[in-house]
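Structure data (mmCIF, C-alpha atoms and all ligand atoms) from work-v4.cif:
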data_target
loop_
_atom_site.label_atom_id
_atom_site.label_comp_id
_atom_site.auth_asym_id
_atom_site.auth_seq_id
_atom_site.Cartn_x
_atom_site.Cartn_y
_atom_site.Cartn_z
CA MET A 25 28.29 -19.39 3.12
CA LYS A 26 26.07 -19.23 6.20
CA ALA A 27 22.50 -20.53 6.17
CA ILE A 28 19.79 -21.28 8.67
CA ARG A 29 19.12 -25.03 8.66
CA VAL A 30 16.26 -27.07 10.11
CA HIS A 31 17.05 -30.76 10.77
CA GLN A 32 13.83 -31.60 12.67
CA PHE A 33 10.45 -29.84 12.58
CA GLY A 34 9.69 -28.16 15.90
CA GLU A 35 9.93 -24.99 17.95
CA PRO A 36 11.79 -21.86 16.71
CA ASP A 37 15.07 -23.20 18.16
CA ALA A 38 14.91 -26.00 15.58
CA MET A 39 16.64 -23.38 13.39
CA GLN A 40 20.44 -23.21 13.54
CA LEU A 41 22.96 -21.04 11.70
CA GLU A 42 25.42 -23.32 9.90
CA ASP A 43 28.22 -23.22 7.33
CA VAL A 44 27.10 -24.78 4.05
CA ALA A 45 28.66 -25.01 0.58
CA ASP A 46 28.44 -22.00 -1.76
CA LEU A 47 25.86 -22.36 -4.53
CA LYS A 48 26.31 -22.41 -8.32
CA PRO A 49 23.50 -21.75 -10.81
CA SER A 50 22.68 -24.13 -13.65
CA GLY A 51 19.99 -24.08 -16.38
CA ASN A 52 17.46 -21.29 -15.72
CA GLN A 53 18.70 -20.55 -12.20
CA VAL A 54 19.74 -17.19 -10.81
CA LEU A 55 22.14 -16.96 -7.86
CA ILE A 56 21.30 -14.12 -5.46
CA ASP A 57 23.64 -12.54 -2.93
CA ILE A 58 21.00 -11.97 -0.26
CA LYS A 59 20.91 -8.63 1.59
CA ALA A 60 17.53 -8.92 3.35
CA ILE A 61 15.00 -11.71 4.04
CA GLY A 62 11.26 -11.39 4.68
CA VAL A 63 9.91 -13.41 7.62
CA ASN A 64 6.38 -14.69 6.96
CA PRO A 65 4.02 -16.52 9.35
CA VAL A 66 3.98 -19.44 6.88
CA ASP A 67 7.72 -19.93 7.53
CA THR A 68 6.81 -20.76 11.15
CA TYR A 69 4.04 -23.21 10.17
CA ILE A 70 6.49 -25.03 7.87
CA ARG A 71 9.24 -25.04 10.53
CA ALA A 72 6.77 -26.51 13.02
CA GLY A 73 5.84 -29.22 10.50
CA ILE A 74 2.12 -28.28 10.60
CA TYR A 75 1.75 -26.88 7.06
CA PRO A 76 0.01 -29.15 4.48
CA VAL A 77 3.16 -29.20 2.32
CA VAL A 78 6.54 -29.39 4.03
CA PRO A 79 10.04 -29.71 2.56
CA GLN A 80 12.33 -32.69 2.96
CA LEU A 81 14.64 -32.40 5.96
CA PRO A 82 17.09 -30.82 6.40
CA TYR A 83 16.10 -27.59 4.71
CA THR A 84 16.69 -23.82 4.72
CA PRO A 85 13.51 -21.80 5.44
CA GLY A 86 12.24 -18.68 3.71
CA LEU A 87 10.34 -17.61 0.60
CA ASP A 88 11.11 -13.88 0.38
CA ALA A 89 14.44 -12.11 -0.08
CA ALA A 90 16.09 -9.20 -1.85
CA GLY A 91 19.68 -8.85 -3.02
CA VAL A 92 22.00 -8.64 -6.00
CA ILE A 93 22.47 -11.21 -8.76
CA LEU A 94 25.88 -12.92 -8.39
CA ALA A 95 25.66 -15.36 -11.31
CA VAL A 96 23.16 -16.77 -13.80
CA GLY A 97 22.75 -20.19 -15.41
CA PRO A 98 23.23 -20.64 -19.20
CA ALA A 99 19.46 -20.77 -19.93
CA VAL A 100 18.62 -17.49 -18.13
CA LYS A 101 17.15 -15.04 -20.66
CA HIS A 102 16.31 -11.74 -18.96
CA ARG A 103 18.28 -11.35 -15.71
CA LYS A 104 21.91 -10.16 -15.52
CA VAL A 105 24.73 -10.26 -12.98
CA GLY A 106 24.72 -7.12 -10.78
CA GLU A 107 20.96 -6.44 -10.98
CA ARG A 108 19.09 -5.60 -7.76
CA VAL A 109 16.24 -8.10 -7.39
CA TYR A 110 13.68 -9.58 -5.01
CA CYS A 111 12.19 -13.04 -5.12
CA PHE A 112 9.08 -14.99 -4.21
CA GLY A 113 10.23 -18.55 -3.54
CA SER A 114 13.57 -20.17 -4.28
CA GLU A 115 15.03 -23.60 -4.86
CA THR A 116 17.34 -23.53 -1.84
CA GLY A 117 15.63 -21.37 0.85
CA CYS A 118 16.06 -17.68 1.60
CA TYR A 119 17.31 -17.65 5.22
CA ALA A 120 20.88 -17.71 3.92
CA GLU A 121 23.63 -15.55 2.47
CA GLN A 122 22.86 -16.88 -1.01
CA ALA A 123 19.87 -18.48 -2.74
CA LEU A 124 19.26 -20.16 -6.07
CA CYS A 125 15.97 -19.15 -7.70
CA LYS A 126 14.32 -20.02 -10.99
CA GLU A 127 14.40 -16.98 -13.27
CA ALA A 128 10.59 -16.70 -13.04
CA GLN A 129 10.80 -16.37 -9.22
CA VAL A 130 12.94 -13.22 -9.50
CA TYR A 131 11.75 -9.63 -10.07
CA LEU A 132 13.75 -6.44 -10.61
CA LEU A 133 14.00 -4.21 -7.53
CA LEU A 134 13.67 -0.49 -8.25
CA ASP A 135 16.56 1.73 -7.13
CA ASN A 136 14.22 3.72 -4.84
CA VAL A 137 13.26 0.55 -2.89
CA SER A 138 15.64 -0.62 -0.13
CA PHE A 139 16.64 -4.28 0.19
CA ALA A 140 14.64 -4.52 3.44
CA ALA A 141 11.55 -3.17 1.66
CA GLY A 142 12.26 -5.52 -1.28
CA ALA A 143 12.26 -8.47 1.11
CA ALA A 144 8.79 -7.35 2.28
CA LEU A 145 7.28 -7.64 -1.22
CA GLY A 146 7.24 -11.30 -2.29
CA VAL A 147 4.43 -12.78 -0.17
CA PRO A 148 2.52 -9.87 1.44
CA TYR A 149 1.86 -7.54 -1.51
CA PRO A 150 0.84 -10.17 -4.09
CA THR A 151 -1.33 -11.81 -1.43
CA ALA A 152 -3.17 -8.53 -0.84
CA TRP A 153 -3.48 -7.86 -4.58
CA PHE A 154 -4.64 -11.40 -5.38
CA ALA A 155 -7.23 -11.32 -2.59
CA LEU A 156 -8.61 -7.91 -3.55
CA PHE A 157 -8.72 -8.17 -7.32
CA TYR A 158 -8.54 -11.86 -8.32
CA ARG A 159 -10.72 -13.30 -5.54
CA ALA A 160 -13.02 -10.48 -4.30
CA HIS A 161 -13.05 -8.52 -7.59
CA ALA A 162 -13.05 -5.33 -5.50
CA MET A 163 -14.01 -2.15 -7.35
CA PRO A 164 -13.13 1.52 -6.82
CA GLY A 165 -15.81 3.11 -4.65
CA GLU A 166 -16.39 -0.04 -2.60
CA THR A 167 -15.81 -0.27 1.14
CA LEU A 168 -13.31 -2.77 2.50
CA LEU A 169 -12.67 -4.12 5.99
CA ILE A 170 -9.10 -5.32 6.51
CA HIS A 171 -9.49 -7.56 9.55
CA GLY A 172 -5.88 -7.47 10.75
CA ALA A 173 -4.53 -4.37 9.01
CA SER A 174 -1.41 -3.75 11.13
CA GLY A 175 0.59 -6.69 9.77
CA ALA A 176 2.49 -7.15 6.54
CA VAL A 177 -0.44 -8.29 4.37
CA GLY A 178 -2.89 -5.87 5.99
CA LEU A 179 -0.72 -2.80 5.41
CA ALA A 180 -0.06 -3.87 1.83
CA ALA A 181 -3.83 -4.22 1.32
CA LEU A 182 -4.41 -0.80 2.87
CA GLN A 183 -1.94 0.90 0.52
CA ILE A 184 -3.27 -0.97 -2.52
CA ALA A 185 -6.88 -0.15 -1.62
CA LYS A 186 -6.15 3.54 -1.05
CA SER A 187 -4.35 3.91 -4.36
CA ASN A 188 -7.25 2.22 -6.17
CA GLY A 189 -10.09 4.30 -4.76
CA ILE A 190 -11.31 1.65 -2.30
CA ARG A 191 -12.31 2.98 1.15
CA ALA A 192 -10.59 0.82 3.76
CA ILE A 193 -11.46 0.31 7.42
CA GLY A 194 -8.69 -1.51 9.32
CA THR A 195 -8.36 -3.35 12.61
CA ALA A 196 -5.38 -3.73 14.94
CA GLY A 197 -4.84 -4.90 18.50
CA THR A 198 -2.60 -2.16 19.93
CA GLU A 199 -2.59 1.65 20.03
CA ALA A 200 0.62 1.69 17.97
CA GLY A 201 -0.99 -0.56 15.36
CA LEU A 202 -4.14 1.57 15.25
CA ASP A 203 -2.05 4.76 14.84
CA LEU A 204 -0.09 3.15 12.03
CA ILE A 205 -3.14 2.12 10.03
CA ARG A 206 -4.64 5.61 10.42
CA GLN A 207 -1.36 7.10 9.11
CA GLN A 208 -1.48 4.63 6.22
CA GLY A 209 -4.86 5.93 5.09
CA ALA A 210 -7.56 3.84 6.76
CA ILE A 211 -10.83 5.80 7.00
CA ALA A 212 -11.31 4.22 10.44
CA ALA A 213 -9.19 2.08 12.76
CA LEU A 214 -10.98 -0.43 15.03
CA ASP A 215 -9.45 -2.31 17.97
CA HIS A 216 -10.03 -6.06 17.53
CA THR A 217 -9.30 -6.70 21.23
CA GLN A 218 -12.47 -4.82 22.27
CA ILE A 219 -15.94 -6.35 22.57
CA ASP A 220 -18.36 -5.05 19.93
CA TYR A 221 -15.65 -3.20 17.98
CA LEU A 222 -17.39 -4.01 14.68
CA SER A 223 -20.57 -2.13 15.66
CA ALA A 224 -18.95 1.07 14.30
CA ILE A 225 -19.22 -0.39 10.78
CA ASP A 226 -22.95 0.31 10.63
CA GLU A 227 -22.39 4.07 10.93
CA LEU A 228 -19.23 4.04 8.80
CA THR A 229 -21.15 2.45 5.91
CA CYS A 230 -24.49 4.26 6.41
CA GLY A 231 -26.10 0.97 7.43
CA GLN A 232 -25.03 -0.84 4.24
CA GLY A 233 -22.18 -3.01 5.58
CA VAL A 234 -18.81 -3.49 3.93
CA ASP A 235 -18.50 -4.83 0.39
CA VAL A 236 -15.30 -6.80 0.93
CA ILE A 237 -13.48 -8.22 3.95
CA LEU A 238 -9.87 -9.42 3.87
CA GLU A 239 -9.69 -11.78 6.84
CA MET A 240 -6.35 -12.50 8.57
CA LEU A 241 -7.75 -14.73 11.36
CA ALA A 242 -10.86 -16.48 10.05
CA ASN A 243 -11.12 -19.01 12.89
CA VAL A 244 -11.80 -16.10 15.25
CA ASN A 245 -13.71 -13.72 12.99
CA LEU A 246 -15.63 -15.43 10.18
CA GLU A 247 -18.97 -15.54 12.01
CA LYS A 248 -18.68 -11.81 12.91
CA ASP A 249 -17.60 -10.98 9.35
CA LEU A 250 -20.78 -12.38 7.81
CA ASN A 251 -22.87 -10.05 9.97
CA VAL A 252 -21.12 -6.85 8.84
CA LEU A 253 -21.13 -7.63 5.11
CA ALA A 254 -23.22 -5.69 2.61
CA LYS A 255 -25.53 -7.51 0.17
CA PHE A 256 -23.38 -9.35 -2.41
CA GLY A 257 -20.42 -8.89 -0.03
CA ARG A 258 -17.30 -11.05 -0.26
CA VAL A 259 -15.02 -12.34 2.52
CA VAL A 260 -11.59 -13.54 1.45
CA VAL A 261 -10.01 -15.92 3.94
CA ILE A 262 -6.30 -15.08 3.85
CA GLY A 263 -5.26 -16.22 7.34
CA ASN A 264 -6.70 -19.02 9.48
CA ARG A 265 -5.37 -20.89 12.50
CA GLY A 266 -8.17 -23.28 13.51
CA THR A 267 -11.86 -24.05 13.11
CA ILE A 268 -15.01 -21.98 13.65
CA GLU A 269 -18.77 -22.52 13.64
CA ILE A 270 -20.78 -20.15 11.42
CA ASP A 271 -24.46 -19.68 10.68
CA PRO A 272 -24.73 -20.05 6.87
CA ARG A 273 -28.02 -18.09 6.97
CA ALA A 274 -26.00 -14.89 7.45
CA ALA A 275 -24.41 -15.56 4.05
CA MET A 276 -27.72 -16.62 2.42
CA GLY A 277 -29.56 -13.46 3.40
CA ARG A 278 -26.90 -11.29 1.80
CA ASN A 279 -25.99 -13.36 -1.27
CA ALA A 280 -22.55 -13.27 0.34
CA SER A 281 -19.49 -15.25 -0.76
CA ILE A 282 -16.78 -16.78 1.39
CA LEU A 283 -13.67 -17.13 -0.74
CA GLY A 284 -10.52 -19.00 0.19
CA MET A 285 -7.12 -18.14 -1.22
CA SER A 286 -3.56 -19.37 -1.25
CA LEU A 287 -0.92 -17.34 -3.03
CA PHE A 288 0.72 -20.65 -3.94
CA ASN A 289 -2.20 -21.24 -6.35
CA ALA A 290 -1.47 -18.07 -8.37
CA THR A 291 -0.14 -18.90 -11.83
CA GLU A 292 3.17 -17.61 -13.20
CA GLU A 293 1.21 -15.31 -15.55
CA GLN A 294 -0.95 -13.94 -12.70
CA LEU A 295 2.15 -13.31 -10.58
CA TYR A 296 3.90 -11.55 -13.46
CA SER A 297 0.89 -9.28 -13.92
CA ILE A 298 0.60 -8.59 -10.18
CA HIS A 299 4.30 -7.75 -9.82
CA SER A 300 4.01 -5.41 -12.81
CA ALA A 301 1.18 -3.56 -11.05
CA LEU A 302 3.17 -3.48 -7.81
CA ARG A 303 6.16 -2.05 -9.66
CA ALA A 304 4.00 0.86 -10.85
CA GLY A 305 2.84 1.50 -7.28
CA LEU A 306 6.40 1.38 -5.92
CA GLU A 307 7.50 3.75 -8.68
CA ASN A 308 4.81 6.35 -7.95
CA GLY A 309 5.23 6.00 -4.18
CA SER A 310 1.72 4.75 -3.40
CA LEU A 311 3.20 1.44 -2.20
CA HIS A 312 5.94 1.56 0.43
CA PRO A 313 6.52 -1.47 2.69
CA VAL A 314 6.53 -0.66 6.40
CA ILE A 315 9.36 -2.37 8.27
CA ASN A 316 8.63 -3.15 11.92
CA ALA A 317 11.97 -4.73 12.87
CA GLU A 318 15.31 -5.63 11.31
CA LEU A 319 17.17 -8.54 12.90
CA ALA A 320 20.38 -10.35 11.94
CA LEU A 321 20.26 -13.67 10.06
CA ALA A 322 21.59 -15.31 13.25
CA GLU A 323 18.45 -14.02 15.06
CA ALA A 324 16.00 -16.09 12.97
CA VAL A 325 14.75 -17.80 16.15
CA GLN A 326 13.74 -14.45 17.70
CA ALA A 327 12.17 -13.39 14.38
CA HIS A 328 9.93 -16.51 14.38
CA ILE A 329 8.85 -15.80 17.95
CA LYS A 330 8.15 -12.13 17.14
CA VAL A 331 6.16 -12.77 13.95
CA MET A 332 3.67 -14.89 15.92
CA GLU A 333 3.19 -12.30 18.69
CA THR A 334 0.40 -9.71 18.71
CA GLY A 335 1.29 -6.05 18.26
CA ALA A 336 2.18 -6.13 14.56
CA LYS A 337 3.44 -2.91 12.97
CA GLY A 338 4.49 -4.08 9.52
CA LYS A 339 7.13 -6.47 8.36
CA ILE A 340 9.90 -8.33 10.20
CA VAL A 341 13.05 -8.76 8.11
CA LEU A 342 16.42 -10.39 8.62
CA VAL A 343 19.27 -8.27 7.27
CA ARG A 344 22.97 -8.85 6.51
P1 LIG A 401 1.54 -10.45 10.47
O1 LIG A 401 2.40 -9.41 9.87
O2 LIG A 401 2.05 -11.25 11.63
O3 LIG A 401 0.14 -9.77 10.90
C1 LIG A 401 -0.86 -10.48 11.58
C2 LIG A 401 -2.08 -9.60 11.63
O4 LIG A 401 -3.16 -10.31 12.25
C3 LIG A 401 -1.86 -8.33 12.47
O5 LIG A 401 -2.46 -7.24 11.85
C4 LIG A 401 -2.56 -8.69 13.76
O6 LIG A 401 -2.98 -7.53 14.49
C5 LIG A 401 -3.75 -9.41 13.19
N1 LIG A 401 -4.58 -10.04 14.21
C6 LIG A 401 -4.24 -10.53 15.43
N2 LIG A 401 -5.35 -10.90 16.09
C7 LIG A 401 -6.41 -10.63 15.29
C8 LIG A 401 -7.81 -10.76 15.41
N3 LIG A 401 -8.38 -11.29 16.49
N4 LIG A 401 -8.58 -10.37 14.38
C9 LIG A 401 -8.05 -9.85 13.26
N5 LIG A 401 -6.73 -9.69 13.09
C10 LIG A 401 -5.91 -10.09 14.09
O7 LIG A 401 1.11 -11.54 9.38
P2 LIG A 401 0.87 -11.31 7.80
O8 LIG A 401 2.12 -11.60 7.08
O9 LIG A 401 0.18 -10.00 7.63
O10 LIG A 401 -0.15 -12.51 7.51
C11 LIG A 401 -1.47 -12.46 8.05
C12 LIG A 401 -2.10 -13.84 7.97
O11 LIG A 401 -2.29 -14.20 6.61
C13 LIG A 401 -1.24 -14.95 8.58
O12 LIG A 401 -2.08 -15.90 9.21
C14 LIG A 401 -0.58 -15.58 7.38
O13 LIG A 401 -0.20 -16.92 7.60
C15 LIG A 401 -1.66 -15.44 6.34
N6 LIG A 401 -1.20 -15.38 4.95
C16 LIG A 401 -1.85 -16.17 4.05
C17 LIG A 401 -1.51 -16.10 2.72
C18 LIG A 401 -2.30 -16.89 1.71
O14 LIG A 401 -1.83 -17.10 0.59
N7 LIG A 401 -3.51 -17.32 2.08
C19 LIG A 401 -0.44 -15.31 2.29
C20 LIG A 401 0.21 -14.51 3.25
C21 LIG A 401 -0.19 -14.55 4.59
P3 LIG A 401 -2.31 -7.10 15.91
O15 LIG A 401 -0.95 -7.71 15.98
O16 LIG A 401 -2.31 -5.60 15.83
O17 LIG A 401 -3.24 -7.65 16.94
#
Structure rendered as structure tokens:
Amino acid sequence: MKAIRVHQFGEPDAMQLEDVADLKPSGNQVLIDIKAIGVNPVDTYIRAGIYPVVPQLPYTPGLDAAGVILAVGPAVKHRKVGERVYCFGSETGCYAEQALCKEAQVYLLLDNVSFAAGAALGVPYPTAWFALFYRAHAMPGETLLIHGASGAVGLAALQIAKSNGIRAIGTAGTEAGLDLIRQQGAIAALDHTQIDYLSAIDELTCGQGVDVILEMLANVNLEKDLNVLAKFGRVVVIGNRGTIEIDPRAAMGRNASILGMSLFNATEEQLYSIHSALRAGLENGSLHPVINAELALAEAVQAHIKVMETGAKGKIVLVR
């Protein structure tokens, strides 16, 4: 089979398409014939060698994929050959024609969800759900700012918020991104490239501030976030690419909380519960991944360049 391989950490062109041996499941492993692969920013941090945990070289990148089960190991209890599935994580890497996953990493893909949309589920939707409900404990009727709503996690958060009675304000950096988040149900769309774009929040919240902020770029925004939070407001740091100086007094005065999160810390039980909730949303149509671009597996290098550019409009996937 073909797989993208990384032999040295580095720039996107560290990834090469190679022929590797076909895979065979053992124990509790499921073998997936991959049809689509989700490209996440974390894949680029790992490829560059700058993520806190990196795999042994050489390796095949990728956490998210969707496809059809080709074979199962003897200890697999619930999954069957021929089922449409998506995964979050694998044992062999998802930028490939096949991947071996533990049974617990694999979830059934509904017939009304395409493989490309399935590949957009594993990291972004559980991240948004975990941030909103496990970290911020967001409640229906609250007001949310999604700081970076035009990307994969932001759009997932927008759809989840809307279907749970949470009023969401979103930000984006392009007209196309702003249009998209309005179409997806944001009560207001603010341009994070403009000076003073957060001043609109005062009027949008009748002077109260927002109850929850999901932050996609904390090193740029955390100081500003604290000043638009309501009393007892919560900021969840989802994305961060550097350091920032903040005035802690802004948090004191509001009894505000700054909450970190990594989806990798979610337990198997939490993930099972989250994916069950997501399944209900996919079934009733309130959740529907937005695909920005579909590229071929051989175009992984371009996909890594694109996912780090501004002008997000949903998810980038590699398709076969
Ligand atoms: P993505 O699809 O590439 O989207 C990136 C988002 O960030 C876009 O909406 C982009 O908007 C926005 N952005 C750019 N500049 C911004 C600014 N100055 N202020 C606010 N937002 C800005 O990436 P993603 O998959 O949604 O992931 C978002 C971030 O969360 C990434 O840093 C990723 O590594 C991280 N993440 C963390 C976890 C976790 O477990 N903690 C899980 C998943 C993702 P425009 O392009 O419109 O400017």
How would you report the residues lying within 7 Å of ligand LIG 401 (chain A), as number ranges by chain, if you count all atoms listed in the file?
A: 64-66, 147-148, 151, 171-178, 195-198, 201, 216-217, 239-241, 244-245, 261-265, 285-288, 331-339
Residues near Gly209 of chain A, cut-off 9 Å, only C-alpha atoms, skip fewer than 2 positions along chain, as number ranges by chain:
A: 182-183, 186, 191-193, 204-207, 211-212
Point-to-point distance in Å for atom CA of Ala274 of chain A and atom CA of Val236 of chain A
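A separation of 14.9 Å between them.
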Mind running segment 272-304 of chain A against segment 113-128 of chain A at 12 Å and telling me each contacting residue's nearest atom pair with the distance in Å (one decimal), counting only C-alpha atoms, chain and number ascending, as JSON lines?
{"residue": "A:Leu287", "atom": "CA", "partner": "A:Gly113", "partner_atom": "CA", "distance": 11.2}
{"residue": "A:Phe288", "atom": "CA", "partner": "A:Gly113", "partner_atom": "CA", "distance": 9.7}
{"residue": "A:Thr291", "atom": "CA", "partner": "A:Ala128", "partner_atom": "CA", "distance": 11.0}
{"residue": "A:Glu292", "atom": "CA", "partner": "A:Ala128", "partner_atom": "CA", "distance": 7.5}
{"residue": "A:Glu293", "atom": "CA", "partner": "A:Ala128", "partner_atom": "CA", "distance": 9.8}
{"residue": "A:Gln294", "atom": "CA", "partner": "A:Ala128", "partner_atom": "CA", "distance": 11.9}
{"residue": "A:Leu295", "atom": "CA", "partner": "A:Ala128", "partner_atom": "CA", "distance": 9.4}
{"residue": "A:Tyr296", "atom": "CA", "partner": "A:Ala128", "partner_atom": "CA", "distance": 8.5}
{"residue": "A:His299", "atom": "CA", "partner": "A:Ala128", "partner_atom": "CA", "distance": 11.4}
Nearest candidate to Ala320 of chain A (options A:Ala99, A:Ala45, A:Leu283, A:Ile61; using all atoms listed in the file):
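Of the candidates, the smallest distance to Ala320 of chain A is held by A:Ile61.
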What is the atom CA of Asp57 of chain A to atom CA of Leu94 of chain A distance in Å?
5.9 Å
Between atom CA of Arg258 of chain A and atom CA of Gly189 of chain A, what is the distance in Å, rounded to a tenth?
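We find that atom CA of Arg258 of chain A and atom CA of Gly189 of chain A lie 17.5 Å from each other.
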Taking into account all atoms listed in the file, which residue in the set A:Ala317, A:Ile237, A:Ala327, A:Leu306 is nearest to Ala280 of chain A?
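Distance minimum relative to Ala280 of chain A lands on A:Ile237.
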Could you check which residues have any atom within 12 Å of (8.7, -32.9, 6.6), counting only C-alpha atoms with coordinates taken straight from the file, and then list them as a PyMOL selection string?
chain A and resi 30-34+69-83
Selection from above, C-alpha atoms, as an mmCIF file, keeping the file's coordinate frame, can you write it?
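Written out: result-v9.cif:
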data_model
loop_
_atom_site.group_PDB
_atom_site.id
_atom_site.type_symbol
_atom_site.label_atom_id
_atom_site.label_comp_id
_atom_site.auth_asym_id
_atom_site.auth_seq_id
_atom_site.Cartn_x
_atom_site.Cartn_y
_atom_site.Cartn_z
ATOM 1 C CA VAL A 30 16.260 -27.070 10.110
ATOM 2 C CA HIS A 31 17.050 -30.760 10.770
ATOM 3 C CA GLN A 32 13.830 -31.600 12.670
ATOM 4 C CA PHE A 33 10.450 -29.840 12.580
ATOM 5 C CA GLY A 34 9.690 -28.160 15.900
ATOM 6 C CA TYR A 69 4.040 -23.210 10.170
ATOM 7 C CA ILE A 70 6.490 -25.030 7.870
ATOM 8 C CA ARG A 71 9.240 -25.040 10.530
ATOM 9 C CA ALA A 72 6.770 -26.510 13.020
ATOM 10 C CA GLY A 73 5.840 -29.220 10.500
ATOM 11 C CA ILE A 74 2.120 -28.280 10.600
ATOM 12 C CA TYR A 75 1.750 -26.880 7.060
ATOM 13 C CA PRO A 76 0.010 -29.150 4.480
ATOM 14 C CA VAL A 77 3.160 -29.200 2.320
ATOM 15 C CA VAL A 78 6.540 -29.390 4.030
ATOM 16 C CA PRO A 79 10.040 -29.710 2.560
ATOM 17 C CA GLN A 80 12.330 -32.690 2.960
ATOM 18 C CA LEU A 81 14.640 -32.400 5.960
ATOM 19 C CA PRO A 82 17.090 -30.820 6.400
ATOM 20 C CA TYR A 83 16.100 -27.590 4.710
#
Of the candidates A:Pro164, A:Ile28, A:Pro98, A:Leu55, which shows the shortest atom-to-atom distance to Tyr110 of chain A, using all atoms listed in the file?
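The closest residue to Tyr110 of chain A is A:Leu55.
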Counting all atoms listed in the file, the option among A:Asn243, A:Gln40, A:Ser281, A:Gln129 closest to Val259 of chain A:
A:Ser281
Where atoms are absent from segment 215-227 of chain A, fill them in so it carries N, CA, C and O atoms, then output it as a PDB file, in the coordinates of the input.
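Full text of out37.pdb as output:
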ATOM      1  N   ASP A 215     -10.307  -1.486  17.106  1.00  0.00           N
ATOM      2  CA  ASP A 215      -9.450  -2.310  17.970  1.00  0.00           C
ATOM      3  C   ASP A 215     -10.068  -3.708  18.130  1.00  0.00           C
ATOM      4  O   ASP A 215     -11.086  -3.860  18.815  1.00  0.00           O
ATOM      5  N   HIS A 216      -9.427  -4.715  17.514  1.00  0.00           N
ATOM      6  CA  HIS A 216     -10.030  -6.060  17.530  1.00  0.00           C
ATOM      7  C   HIS A 216      -9.874  -6.772  18.879  1.00  0.00           C
ATOM      8  O   HIS A 216     -10.265  -7.932  19.010  1.00  0.00           O
ATOM      9  N   THR A 217      -9.325  -6.102  19.888  1.00  0.00           N
ATOM     10  CA  THR A 217      -9.300  -6.700  21.230  1.00  0.00           C
ATOM     11  C   THR A 217     -10.531  -6.284  22.044  1.00  0.00           C
ATOM     12  O   THR A 217     -10.752  -6.785  23.142  1.00  0.00           O
ATOM     13  N   GLN A 218     -11.301  -5.328  21.523  1.00  0.00           N
ATOM     14  CA  GLN A 218     -12.470  -4.820  22.270  1.00  0.00           C
ATOM     15  C   GLN A 218     -13.735  -5.602  21.896  1.00  0.00           C
ATOM     16  O   GLN A 218     -13.875  -6.057  20.756  1.00  0.00           O
ATOM     17  N   ILE A 219     -14.652  -5.707  22.850  1.00  0.00           N
ATOM     18  CA  ILE A 219     -15.940  -6.350  22.570  1.00  0.00           C
ATOM     19  C   ILE A 219     -16.730  -5.385  21.686  1.00  0.00           C
ATOM     20  O   ILE A 219     -16.659  -4.172  21.871  1.00  0.00           O
ATOM     21  N   ASP A 220     -17.435  -5.872  20.715  1.00  0.00           N
ATOM     22  CA  ASP A 220     -18.360  -5.050  19.930  1.00  0.00           C
ATOM     23  C   ASP A 220     -17.669  -3.998  19.050  1.00  0.00           C
ATOM     24  O   ASP A 220     -18.291  -3.014  18.660  1.00  0.00           O
ATOM     25  N   TYR A 221     -16.380  -4.204  18.764  1.00  0.00           N
ATOM     26  CA  TYR A 221     -15.650  -3.200  17.980  1.00  0.00           C
ATOM     27  C   TYR A 221     -16.187  -3.056  16.563  1.00  0.00           C
ATOM     28  O   TYR A 221     -15.989  -2.028  15.924  1.00  0.00           O
ATOM     29  N   LEU A 222     -16.897  -4.086  16.058  1.00  0.00           N
ATOM     30  CA  LEU A 222     -17.390  -4.010  14.680  1.00  0.00           C
ATOM     31  C   LEU A 222     -18.706  -3.238  14.575  1.00  0.00           C
ATOM     32  O   LEU A 222     -19.180  -2.980  13.471  1.00  0.00           O
ATOM     33  N   SER A 223     -19.281  -2.845  15.730  1.00  0.00           N
ATOM     34  CA  SER A 223     -20.570  -2.130  15.660  1.00  0.00           C
ATOM     35  C   SER A 223     -20.412  -0.776  14.966  1.00  0.00           C
ATOM     36  O   SER A 223     -21.369  -0.250  14.407  1.00  0.00           O
ATOM     37  N   ALA A 224     -19.189  -0.224  14.964  1.00  0.00           N
ATOM     38  CA  ALA A 224     -18.950   1.070  14.300  1.00  0.00           C
ATOM     39  C   ALA A 224     -19.166   0.983  12.787  1.00  0.00           C
ATOM     40  O   ALA A 224     -19.374   2.002  12.113  1.00  0.00           O
ATOM     41  N   ILE A 225     -19.130  -0.230  12.250  1.00  0.00           N
ATOM     42  CA  ILE A 225     -19.220  -0.390  10.780  1.00  0.00           C
ATOM     43  C   ILE A 225     -20.580   0.081  10.255  1.00  0.00           C
ATOM     44  O   ILE A 225     -20.675   0.637   9.157  1.00  0.00           O
ATOM     45  N   ASP A 226     -21.609  -0.099  11.060  1.00  0.00           N
ATOM     46  CA  ASP A 226     -22.950   0.310  10.630  1.00  0.00           C
ATOM     47  C   ASP A 226     -22.938   1.803  10.269  1.00  0.00           C
ATOM     48  O   ASP A 226     -23.354   2.197   9.166  1.00  0.00           O
ATOM     49  N   GLU A 227     -22.417   2.618  11.180  1.00  0.00           N
ATOM     50  CA  GLU A 227     -22.390   4.070  10.930  1.00  0.00           C
ATOM     51  C   GLU A 227     -21.397   4.421   9.808  1.00  0.00           C
ATOM     52  O   GLU A 227     -21.671   5.261   8.953  1.00  0.00           O
TER      53      GLU A 227
END
